[in-house]
$ cat target_14.tsv   # TSV, C-alpha atoms
chain	number	residue	atom	x	y	z
A	146	MET	CA	-42.34	-0.37	15.51
A	147	ASN	CA	-39.52	-2.85	16.18
A	148	GLN	CA	-37.25	-3.10	13.21
A	149	ALA	CA	-33.93	-4.88	13.20
A	150	ASP	CA	-30.80	-2.86	12.67
A	151	VAL	CA	-29.65	-3.86	9.17
A	152	SER	CA	-25.97	-3.37	10.05
A	153	LYS	CA	-26.27	-6.20	12.59
A	154	LEU	CA	-27.66	-8.64	10.02
A	155	ILE	CA	-24.80	-8.57	7.52
A	156	SER	CA	-21.07	-8.14	7.80
A	157	GLN	CA	-19.84	-4.67	6.91
A	158	LEU	CA	-16.80	-4.38	4.67
A	159	ARG	CA	-14.12	-1.99	5.84
A	160	ILE	CA	-12.94	-1.12	2.34
A	161	VAL	CA	-14.51	1.05	-0.33
A	162	VAL	CA	-16.02	-1.00	-3.14
A	163	ARG	CA	-16.61	1.17	-6.18
A	164	PRO	CA	-18.99	-0.11	-8.84
A	165	LYS	CA	-16.80	-0.15	-11.92
A	166	ASN	CA	-16.17	-2.49	-14.79
A	167	ARG	CA	-13.05	-4.50	-13.97
A	168	ASN	CA	-12.76	-6.14	-17.38
A	169	LEU	CA	-11.74	-9.55	-16.04
A	170	LYS	CA	-12.22	-11.73	-19.07
A	171	ASN	CA	-11.58	-15.43	-19.16
A	172	PRO	CA	-11.78	-17.88	-22.06
A	173	ASP	CA	-13.70	-20.29	-19.80
A	174	GLY	CA	-16.42	-17.75	-19.14
A	175	PRO	CA	-17.78	-16.76	-15.72
A	176	GLU	CA	-16.77	-20.09	-14.17
A	177	GLY	CA	-13.16	-19.56	-15.18
A	178	ARG	CA	-13.26	-16.02	-13.84
A	179	LEU	CA	-14.55	-17.23	-10.47
A	180	LEU	CA	-11.94	-20.00	-10.39
A	181	LYS	CA	-9.22	-17.39	-10.96
A	182	LEU	CA	-10.61	-15.28	-8.09
A	183	ARG	CA	-10.78	-18.36	-5.85
A	184	LYS	CA	-7.13	-19.13	-6.63
A	185	THR	CA	-6.23	-15.52	-5.79
A	186	VAL	CA	-8.03	-15.60	-2.42
A	187	THR	CA	-6.42	-18.98	-1.65
A	188	ALA	CA	-2.96	-17.63	-2.49
A	189	LEU	CA	-3.58	-14.54	-0.35
A	190	VAL	CA	-4.52	-16.60	2.70
A	191	LYS	CA	-1.64	-19.01	2.09
A	192	HIS	CA	1.20	-16.54	1.39
A	193	GLU	CA	-0.27	-13.40	3.05
A	194	ARG	CA	1.30	-11.18	0.35
A	195	ILE	CA	0.90	-11.56	-3.40
A	196	GLU	CA	1.70	-9.45	-6.46
A	197	LEU	CA	-0.79	-9.43	-9.31
A	198	TYR	CA	-2.70	-7.21	-11.71
A	199	TYR	CA	-4.63	-4.36	-10.14
A	200	ASN	CA	-8.12	-5.28	-11.36
A	201	ARG	CA	-7.91	-8.84	-10.11
A	202	ALA	CA	-6.41	-7.74	-6.79
A	203	ASP	CA	-9.14	-5.15	-6.29
A	204	GLU	CA	-11.91	-7.67	-6.80
A	205	ALA	CA	-10.27	-10.48	-4.82
A	206	ARG	CA	-9.69	-8.07	-1.94
A	207	GLY	CA	-13.43	-7.67	-1.42
A	208	TYR	CA	-13.97	-11.43	-1.28
A	209	ALA	CA	-11.08	-11.93	1.14
A	210	GLU	CA	-12.40	-9.16	3.40
A	211	LEU	CA	-15.87	-10.73	3.37
A	212	LEU	CA	-14.46	-14.18	4.14
A	213	ILE	CA	-12.40	-12.94	7.10
A	214	SER	CA	-15.17	-10.73	8.50
A	215	ASN	CA	-17.68	-13.60	8.39
A	216	ALA	CA	-15.16	-15.92	10.03
A	217	ILE	CA	-14.64	-13.41	12.84
A	218	ARG	CA	-18.34	-12.71	13.23
A	219	HIS	CA	-19.73	-16.24	13.18
A	220	GLY	CA	-16.81	-18.53	13.98
A	221	ASP	CA	-16.16	-22.06	12.75
A	222	ARG	CA	-19.43	-23.51	14.11
A	223	HIS	CA	-21.57	-21.57	11.65
A	224	LYS	CA	-22.58	-23.71	8.67
A	225	ALA	CA	-22.85	-20.88	6.10
A	226	THR	CA	-19.44	-19.50	7.08
A	227	MET	CA	-17.85	-22.94	6.75
A	228	GLU	CA	-19.42	-23.35	3.30
A	229	LEU	CA	-18.11	-19.92	2.31
A	230	ALA	CA	-14.61	-20.82	3.52
A	231	ASP	CA	-14.82	-24.20	1.79
A	232	TYR	CA	-15.80	-22.50	-1.49
A	233	TRP	CA	-13.20	-19.71	-1.51
A	234	LEU	CA	-10.23	-21.67	-0.14
A	235	LEU	CA	-9.20	-24.38	-2.60
A	236	GLU	CA	-6.62	-25.89	-0.22
A	237	LYS	CA	-8.59	-27.25	2.70
A	238	GLN	CA	-5.79	-26.93	5.28
A	239	LEU	CA	-6.10	-23.17	4.85
A	240	VAL	CA	-9.56	-23.30	6.45
A	241	HIS	CA	-7.76	-24.17	9.71
A	242	LYS	CA	-5.36	-21.27	9.16
A	243	LEU	CA	-8.31	-18.95	8.62
A	244	PHE	CA	-9.96	-19.83	11.93
A	245	LYS	CA	-6.90	-20.58	14.10
A	246	VAL	CA	-4.43	-17.89	12.90
A	247	LEU	CA	-6.25	-15.08	11.07
A	248	VAL	CA	-9.39	-14.81	13.19
A	249	PRO	CA	-7.45	-14.30	16.48
A	250	ARG	CA	-5.12	-11.84	14.71
A	251	TYR	CA	-7.94	-9.67	13.37
A	252	ASP	CA	-10.36	-10.06	16.28
A	253	ASN	CA	-9.80	-6.52	17.61
A	254	TYR	CA	-9.00	-4.73	14.35
A	255	ASN	CA	-10.85	-1.50	13.55
A	256	VAL	CA	-9.40	-1.16	10.05
A	257	SER	CA	-9.51	-3.36	6.96
A	258	TYR	CA	-7.84	-6.76	7.10
A	259	THR	CA	-6.07	-6.32	3.78
A	260	ARG	CA	-3.83	-3.62	2.34
A	261	MET	CA	-3.22	-2.91	-1.33
A	262	TYR	CA	-0.28	-1.01	-2.83
A	263	LYS	CA	0.45	0.02	-6.39
A	264	ALA	CA	3.47	-1.85	-7.72
A	265	PRO	CA	6.02	-0.31	-10.10
A	266	ARG	CA	5.51	-1.04	-13.77
A	267	ASP	CA	7.76	-3.26	-15.82
A	268	TYR	CA	9.75	-1.31	-18.37
A	269	PRO	CA	10.09	-1.89	-21.27
A	270	GLY	CA	6.99	-3.81	-22.16
A	271	MET	CA	3.23	-3.61	-22.05
A	272	TYR	CA	1.87	-1.41	-19.31
A	273	TYR	CA	-0.61	-3.09	-17.03
A	274	LYS	CA	-1.42	-1.73	-13.60
A	275	LYS	CA	0.14	-4.05	-11.05
A	276	SER	CA	-0.42	-4.11	-7.33
A	277	VAL	CA	0.62	-5.87	-4.16
A	278	LEU	CA	-2.18	-7.29	-2.02
A	279	GLU	CA	-1.33	-8.31	1.52
A	280	LEU	CA	-2.95	-9.26	4.79
A	281	ARG	CA	-2.23	-6.86	7.61
A	282	GLY	CA	0.06	-8.14	10.34
A	283	ASN	CA	1.94	-10.51	8.05
A	284	PRO	CA	5.48	-11.61	8.99
A	285	TYR	CA	7.12	-9.91	5.99
A	286	PRO	CA	8.94	-6.56	6.15
A	287	SER	CA	6.83	-3.52	5.44
A	288	LEU	CA	6.61	-2.27	1.84
A	289	CYS	CA	6.49	1.39	2.79
A	290	GLY	CA	9.54	2.41	4.74
A	291	ASP	CA	9.50	4.04	8.14
A	292	GLN	CA	9.95	7.73	7.37
A	293	ILE	CA	11.01	8.60	10.93
A	294	GLN	CA	14.08	6.37	11.01
A	295	ASN	CA	15.31	7.16	7.49
A	296	ARG	CA	17.36	10.22	8.51
A	297	ASN	CA	20.14	8.02	9.93
A	298	LEU	CA	20.66	5.89	6.83
A	299	LEU	CA	24.10	6.37	5.27
A	300	HIS	CA	22.95	7.80	1.95
A	301	ASN	CA	20.67	10.31	3.70
A	302	VAL	CA	23.50	11.46	6.01
A	303	LEU	CA	25.82	11.89	3.00
A	304	LEU	CA	23.16	13.80	1.08
A	305	ASP	CA	22.53	16.10	4.05
A	306	GLU	CA	26.25	16.87	4.38
A	307	ALA	CA	26.56	17.49	0.65
A	308	ARG	CA	23.55	19.82	0.82
A	309	LYS	CA	25.12	21.74	3.75
A	310	GLU	CA	28.46	22.03	1.94
A	311	PHE	CA	26.73	23.25	-1.23
A	312	ARG	CA	24.86	25.92	0.74
A	313	ARG	CA	28.07	26.93	2.55
A	314	GLU	CA	29.88	27.38	-0.78
A	315	LYS	CA	26.93	29.31	-2.16
A	316	VAL	CA	26.92	31.68	0.83
A	317	VAL	CA	30.71	32.19	0.60
A	318	GLY	CA	30.38	32.89	-3.13
A	319	LEU	CA	27.59	35.42	-2.50
A	320	ALA	CA	29.64	37.08	0.26
A	321	ASN	CA	32.69	37.34	-2.01
A	322	LYS	CA	30.55	38.76	-4.79
A	323	LEU	CA	29.04	41.27	-2.36
A	324	ASN	CA	32.51	42.29	-1.13
A	325	VAL	CA	33.77	42.76	-4.70
A	326	THR	CA	30.79	44.93	-5.63
A	327	THR	CA	31.08	47.06	-2.47
A	328	GLU	CA	34.82	47.55	-3.11
A	329	ALA	CA	34.10	48.51	-6.71
A	330	VAL	CA	31.46	50.98	-5.58
A	331	GLU	CA	33.85	52.48	-3.03
A	332	LYS	CA	36.65	52.82	-5.63
A	333	SER	CA	34.31	54.43	-8.13
A	334	SER	CA	33.04	56.84	-5.52
A	335	ASP	CA	36.66	57.71	-4.54
A	336	THR	CA	37.61	58.49	-8.15
A	337	LYS	CA	34.54	60.65	-8.69
A	338	LYS	CA	35.12	62.83	-5.60
A	339	PRO	CA	36.70	66.17	-6.59
A	340	THR	CA	39.84	66.91	-4.73
A	341	ALA	CA	39.96	70.25	-2.97
A	342	LYS	CA	42.82	72.55	-4.07
$ encode --input "target_14.tsv" --output "structure tokens"
Amino acid sequence: MNQADVSKLISQLRIVVRPKNRNLKNPDGPEGRLLKLRKTVTALVKHERIELYYNRADEARGYAELLISNAIRHGDRHKATMELADYWLLEKQLVHKLFKVLVPRYDNYNVSYTRMYKAPRDYPGMYYKKSVLELRGNPYPSLCGDQIQNRNLLHNVLLDEARKEFRREKVVGLANKLNVTTEAVEKSSDTKKPTAK
């Protein structure tokens, strides 16, 4: 029996989408919620890195991944893909950016096209989970530092030297304490020895 491979029929997302209630309420109802998500996807394609609340970033990430994967898979000649891009991107010049800049960038990617980080919370104030959503390969500096090159930074060199000096002083203190105790033991053993007459 000849059955089509289902994975070839639809685009596969490269991120994990967990079915959970995101609690994205809007006074305008579902239309307002979708408009907010469309603005988020538009801002992500335009700026390539945005900071927003975690729930909204998590949901918008899935739509951005789907948009980019369909653009890579079908190209700009596919009517359904163009309608999808026209719907999700509110600024129409970003459709050109999607097909001329992002599609060639992500053509050979094996990982997801977006990356999401947890952002630090604002203190004091209300605690809401914040996150940073970015497109991979953007021109901005990386948010997570290069751990290999950090050893040569000035504060790390100073901390290493302070740590070595602290250990050196600790060892000298232990050696002095050991010498004092051995001398005390030797003196006490000398005083306890009976002298031969």
$ atom_distance --input "target_14.tsv" --atom1 "CA of Lys263 (chain A)" --atom2 "CA of Ala205 (chain A)"
15.1 Å
$ residues_around --input "target_14.tsv" --residues "region 179-196 of chain A" --least-positions-apart "6" --cutoff "7 Å" --atoms "all atoms listed in the file" --output "PDB file with C-alpha atoms, in the frame of the given file"
ATOM      1  CA  ALA A 205     -10.270 -10.480  -4.820  1.00  0.00           C
ATOM      2  CA  ALA A 209     -11.080 -11.930   1.140  1.00  0.00           C
ATOM      3  CA  TRP A 233     -13.200 -19.710  -1.510  1.00  0.00           C
ATOM      4  CA  LEU A 234     -10.230 -21.670  -0.140  1.00  0.00           C
ATOM      5  CA  LEU A 235      -9.200 -24.380  -2.600  1.00  0.00           C
ATOM      6  CA  LEU A 239      -6.100 -23.170   4.850  1.00  0.00           C
ATOM      7  CA  SER A 276      -0.420  -4.110  -7.330  1.00  0.00           C
ATOM      8  CA  VAL A 277       0.620  -5.870  -4.160  1.00  0.00           C
ATOM      9  CA  LEU A 278      -2.180  -7.290  -2.020  1.00  0.00           C
ATOM     10  CA  GLU A 279      -1.330  -8.310   1.520  1.00  0.00           C
ATOM     11  CA  LEU A 280      -2.950  -9.260   4.790  1.00  0.00           C
ATOM     12  CA  ASN A 283       1.940 -10.510   8.050  1.00  0.00           C
TER      13      ASN A 283
END
$ atom_distance --input "target_14.tsv" --atom1 "CA of Ala230 (chain A)" --atom2 "CA of Pro284 (chain A)"
22.8 Å
$ residues_near_point --input "target_14.tsv" --point "(-17.1, -18.5, 10.3)" --cutoff "12 Å" --atoms "all atoms listed in the file" --output "number ranges by chain"
A: 156, 211-231, 240-241, 243-245, 247-248
$ atom_distance --input "target_14.tsv" --atom1 "CA of Pro175 (chain A)" --atom2 "CA of Tyr272 (chain A)"
25.2 Å
